[in-house]
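Peer 1: I'd like to ask some things about the structure below.
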Amino acid sequence: MKLLLTFSRKRESDPGRQPVIARIVKETGVLINVEKANIDSTAGEVLIDVPDQDADLIRRRMEETGISVRSLERNAIVRDEEECIDCGACISVCPQNVFSFDADWRIQVRQGACVLCGKCIRACPHQALSQQQ
Amino acid sequence: MEKSLEVINTRIRDGNARVVTAEEMPAIVDELGEEGALEEVDVVTTGTFGAMCSSGAFFNFGHADPPIRMERVWLNDVEAYAGIAAVDAYLGATQASAGNSEYYGGAHVLEDLVAGKAVELRATSHGTDCYPRRAITTEVLLEDLNQAIMVNPRNAFQRYNAAANAGDRQLYTYMGTLLPRCGNITYSGAGTLSPLPNDPAFRVIGGGVPIFLGGTQGMIIGEGTQHSAGSGFGNLMVTGDMKQMRQEFLRAAVMPGYGTTLYVGVGVPIPVLDLSIVRSTAVRDEDILTEIIDYGIPRRDRPSLKKVSYAELKSGSVELEGDRVKTSPLSSYRKAREVAAELKRWIEAGSMELALPTRSINAERRAQSMRETARAPRVRELMNTKAVSITEDEKIKTAARKLLKGETNHLPVLDRNGMLVGIVTTFDVSKAVVHDGKNNLVRDIMTKNVIKTHPEEPVDIAAQKLERNNISALPVVDKENRVVGILSAIDLGKLFGGRWQR
Ligand code: SF4
Ligand code: SF4
C-alpha cells in the first residue's frame, strides 16, 4: 500500500530533520520503498510503498513521530470521463505503466502503481486528469 | 467489372447498399478476393479523430443598432480575424486567448459555441459615416449567428511523422510531451481507418465530395494547404455547417507548452467503383509507413530515427536503439471508429449519397519549404573570434589575470591538445579566492559540463541555450571540439537590438 507522508522540517526537532524512515525500518523490520521525495527547506512530502499487512503499523509509528500520513489506496489519479477522448497521450509519459488501452481502444487505469509524479496530468491534451485531493 | 456511381447511389436510395468500414475491408478482400469484394461492397467508410490545428470557422454576427464595422473582434477574449466585411470574422483553433490563460483559445470558443454556450463578443471600430458605432460587447449563441461555417484549411493528413526526442531535455511540442533520451514516442492518425491512405491516388477523393465533418455532413473543398501527396503527406481542405455539428466530434485541447488545438472528426465515404479502389481500400496498418523524427533537433530538417509502420506504432511499443519504447497515439482510435461507423449508418439509412469529385486533387504535388530571402543568421556571423582561453593545468591566478585584462568574464578551458574541456567564469575564480583554497589549478574549479554552440548553428537556437541555462556566454567549437570563438549575450544583443546587418 502507498502512504503519502508530509512533515515539517523547520525546527531541529521536527521529524523532517531526523532519520525517521531509517529508524522505523530498523525498529520494525518492515521494508519501506521510497517512491518519491520532495523536500525543501521547511517541509517535505515522501511517497512510500509498504506491504499491505504492515501498513497500519507503519502508519502508527510515523504518526507518533509527528508525520501526517495519508494512504493512497485507490484513485490516486482521477480521470474525467467526459473530457477524456481516449487519445492515449498519458500512456507513454507514465513511468509506472498506469495507463493502457483495452481491446476497444478505451483507456484503462491501473491505479495501484501510481507514484504521483504528475507527468500524465500535464501531458493530457484534454485536461482530463487530476490528482485526487 | 466496374460499378458506376449511379448504381451505388440507387442502392443507397433503395436502402440496400452494402457499406463496410475501412477496418473491415482487408479481411473481406482476403475472404472474397478482389473481384468478389468489388461485387459485394459498395461503399467503404473511413474516419479519423485527432488534433487538427489548422481548423476554424467564418461567422456572420448580423448588424447591431447603431451598426458597427467591426475592425477587431474577440470571442471570449480570443481574437478573430475581422479584415472581411463589416460583421464577419474568422476564428482559428490555435489562436491564443488575449488574457493569459494557457488553457483557453480559439478551439475552446468553437467547442463552447457548438455546445450551446453563450460566448462574449467584443468588437471595436474607428467609426465611419455608414457605421458610426465604435465598440460593442454582447453575448452570442451559435443559434443567433446568421452563419457559422467551418472551413479547415488543412485536415485529415494522409499520415504524420511520429515523434521522439533524443535530446536530454523534456520537450513540449504539437506532438505532445516528449520525454528526454527517447523515453517515449508519439504519433497521430488512424492508419488503416484514415481517409487518404484508402485512396492515395485521389481517384474518388477530391473537391465537392460529401464527407463527415464534426458530426454532420460536410464537403471537401480541395487540396489542403501544404498538401504534399507526392511525398505521402496529402491533406484536405474541408467545410461544413458548424450549426449542425456536435460536441462529441469537435473537442478543444491544449498541447501543454505548445498551445490550443481542435480535435476534429473527419470521415470520407469511398465508392467502390473498380478493382483499383478495392485494392487501395484493402490497405492495412502494416502497409502505411512513417518515420520517427527526432524533435530534439530544433531545425526544419530533423533526422529520422527509424522507419515504422502504423501497425508497429499501434502495438504499444517500438524498438528504438535496443530499447522498447512506449508509444502514444494522440489521436483517438476509438473515436475514429465512431466516425466511420456513423458514416456507415448514414449511408445505410439512405441519408447521404455519394458524389465524385468536381475538381480533382493533384496526387503528385510536393510542398516546398520557405524560400527565405533573409537567411536566419548563424553563430559564425556574431561570435567573437578573439576568444581568450586558458589551459586546464594553469594556475587560478593566471585565469584571474586573464579575466581582469580581457573584456570577457568567461574563459574556455583547453586541454593540452587544444580541445575544449571546461569553462571558468569570474564567479568561479572569486569563489576560489574567497574559499582561500586548496584549489590551485584551473582544472579544480572549472565547470566540466560545458554548454556550447557551433559556427553554423542559427543564433535563435544559441539564444535559447543561453536563456534556458541562465548563462551569459557560449564557447563556439568546430567539429574537432576546438574553440573557434565565443558568443556572449552582448553579441546577441547586437542582433536583437536590430543592428545586425545581413
Ligand atoms: S491523455 Fe487525457 S484524454 Fe488522452 S487518454 Fe489520457 S486521460 Fe484521456
Ligand atoms: S502521476 Fe505519474 S505515476 Fe501516476 S499515473 Fe500519472 S504519470 Fe503515472
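Letters A, B, ... mark the chains of the C-alpha cells in the order given; residue numbers begin at 1 per chain; ligand numbers begin at 1, in order shown.
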For Leu72 (chain A), please output as a list in words all residues within 12 Å (counting only C-alpha atoms; exclusion window: fewer than 6 positions along the same chain).
Peer 2: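 Everything that qualifies: Met1, Lys2, Leu3, Leu4, Leu5, Leu47, Ile48, Asp49, Val50, Asp52, Ala55, Gln111, Gly112, Ala113, Cys114, Val115, Leu116, Gln131, Gln132 and Gln133 of chain A.
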Peer 1: Quick one: residues within 12 Å of Phe99 (chain A), only C-alpha atoms counted, chain neighbours fewer than 6 positions away excluded, as an MDAnalysis selection string?
Peer 2: (chainID A and resid 77:79 86:93 105:114 120 124 129) or (chainID B and resid 316 326:328)
Peer 1: Each residue of chain B with at least one atom at most 12 Å from ligand 1 should appear once, together with its nearest atom pair and the corresponding distance in Å (one decimal); atoms considered: only C-alpha atoms and all ligand atoms; ordering: chain, then increasing residue number; output as CSV.
Peer 2:
```
residue,atom,partner,partner_atom_place_in_ligand_line,distance
B:Gly50,CA,ligand 1,4 (Fe),10.8
B:Ala51,CA,ligand 1,4 (Fe),11.4
B:Gly176,CA,ligand 1,1 (S),9.6
B:Thr177,CA,ligand 1,1 (S),10.3
B:Thr186,CA,ligand 1,1 (S),11.5
B:Arg251,CA,ligand 1,3 (S),10.4
B:Ala252,CA,ligand 1,3 (S),10.8
B:Ala253,CA,ligand 1,3 (S),8.8
B:Val254,CA,ligand 1,3 (S),10.4
B:Met255,CA,ligand 1,1 (S),10.2
B:Pro256,CA,ligand 1,1 (S),11.1
B:Tyr263,CA,ligand 1,3 (S),10.8
B:Ser328,CA,ligand 1,1 (S),8.8
B:Pro329,CA,ligand 1,4 (Fe),8.8
B:Leu330,CA,ligand 1,4 (Fe),6.8
B:Ser331,CA,ligand 1,4 (Fe),8.3
B:Ser332,CA,ligand 1,4 (Fe),7.9
B:Tyr333,CA,ligand 1,5 (S),10.5
B:Arg334,CA,ligand 1,5 (S),10.4
B:Lys335,CA,ligand 1,5 (S),11.4
```
Peer 1: Pick out the residues sitting within 9 Å of Asp80 (chain A), and hand them over as a PDB file with C-alpha atoms, in the first residue's frame; count only C-alpha atoms, and ignore anything fewer than 5 positions along from it in its own chain.
Peer 2:
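Contents of result-v4.pdb, freshly written:
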```
ATOM      1  CA  GLN A 127      -7.147  18.290 -19.113  1.00  0.00           C
ATOM      2  CA  ALA A 128      -8.971  15.132 -18.101  1.00  0.00           C
ATOM      3  CA  LEU A 129      -6.581  14.033 -15.358  1.00  0.00           C
ATOM      4  CA  SER A 130      -6.147  15.382 -11.870  1.00  0.00           C
TER       5      SER A 130
END
```
Peer 1: Pick out each residue of region 85-125 of chain A that DSSP on the backbone tags as alpha helix (DSSP H); I need them as an MDAnalysis selection string.
Peer 2: chainID A and resid 89:93 119:123
Peer 1: From a DSSP calculation on the backbone, collect every residue of chain A in strand (DSSP E) and output the set as a ChimeraX atom specification.
Peer 2: /A:2-8,33-39,43-49,68-71,77-79,99-101,107-109,129-131
Peer 1: Hey, which of B:Asn155, B:Gln247, B:Asn481, B:Thr358 ends up closest to chain A? Count only C-alpha atoms.
Peer 2: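 Comparing B:Asn155, B:Gln247, B:Asn481, B:Thr358 against chain A, the winner is B:Gln247.
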Peer 1: I want to know what sits within 9 Å of Arg72 (chain B), based on only C-alpha atoms, with residues of the same chain fewer than 2 positions away left out; could you give that as a VMD selection string?
Peer 2: chain B and resid 70 74 79 to 83 89 122 to 125
Peer 1: If we count only C-alpha atoms, what is near Gly66 (chain A) at a cut-off of 9 Å, once residues fewer than 6 positions away on the same chain are taken out, given as an MDAnalysis selection string?
Peer 2: chainID A and resid 7:8 14:15
Peer 1: Which of these residues is nearest to chain B, using only C-alpha atoms: A:Glu35, A:Asp102, A:Glu27, A:Asp40?
Peer 2: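 Closest to chain B, using only C-alpha atoms: A:Asp102.
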Peer 1: Rounded to one decimal, what separation in Å do you get between CA of Arg366 (chain B) and CA of Ile297 (chain B)?
Peer 2: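 We find that CA of Arg366 (chain B) and CA of Ile297 (chain B) lie 23.3 Å from each other.
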Peer 1: Within 12 Å of Ile67 (chain A), counting only C-alpha atoms, which residues qualify if same-chain residues fewer than 4 places away don't, as number ranges by chain?
Peer 2: A: 3-9, 14-18, 20-21, 43-46, 58-63
Peer 1: In terms of the shortest atom-to-atom distance over only C-alpha atoms, which of B:Met383, B:Met25, B:Val41, B:Leu179 is closest to Pro95 (chain A)?
Peer 2: B:Leu179
Peer 1: Work out how far CA of Gln244 (chain B) is from CA of Ser194 (chain B), in Å to one decimal.
Peer 2: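 Rounded to one decimal, the two atoms are 22.9 Å apart.
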Peer 1: Looking at only C-alpha atoms and all ligand atoms, which of A:Ser13, A:Thr65, A:Thr42, A:Ser100 is the one that sits closest to ligand 2?
Peer 2: A:Ser100
Peer 1: So which one's closest to chain B, A:Arg23, A:Arg11, A:His126, A:Arg70? Using only C-alpha atoms, please.
Peer 2: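 Result for the nearest residue to chain B: A:His126.
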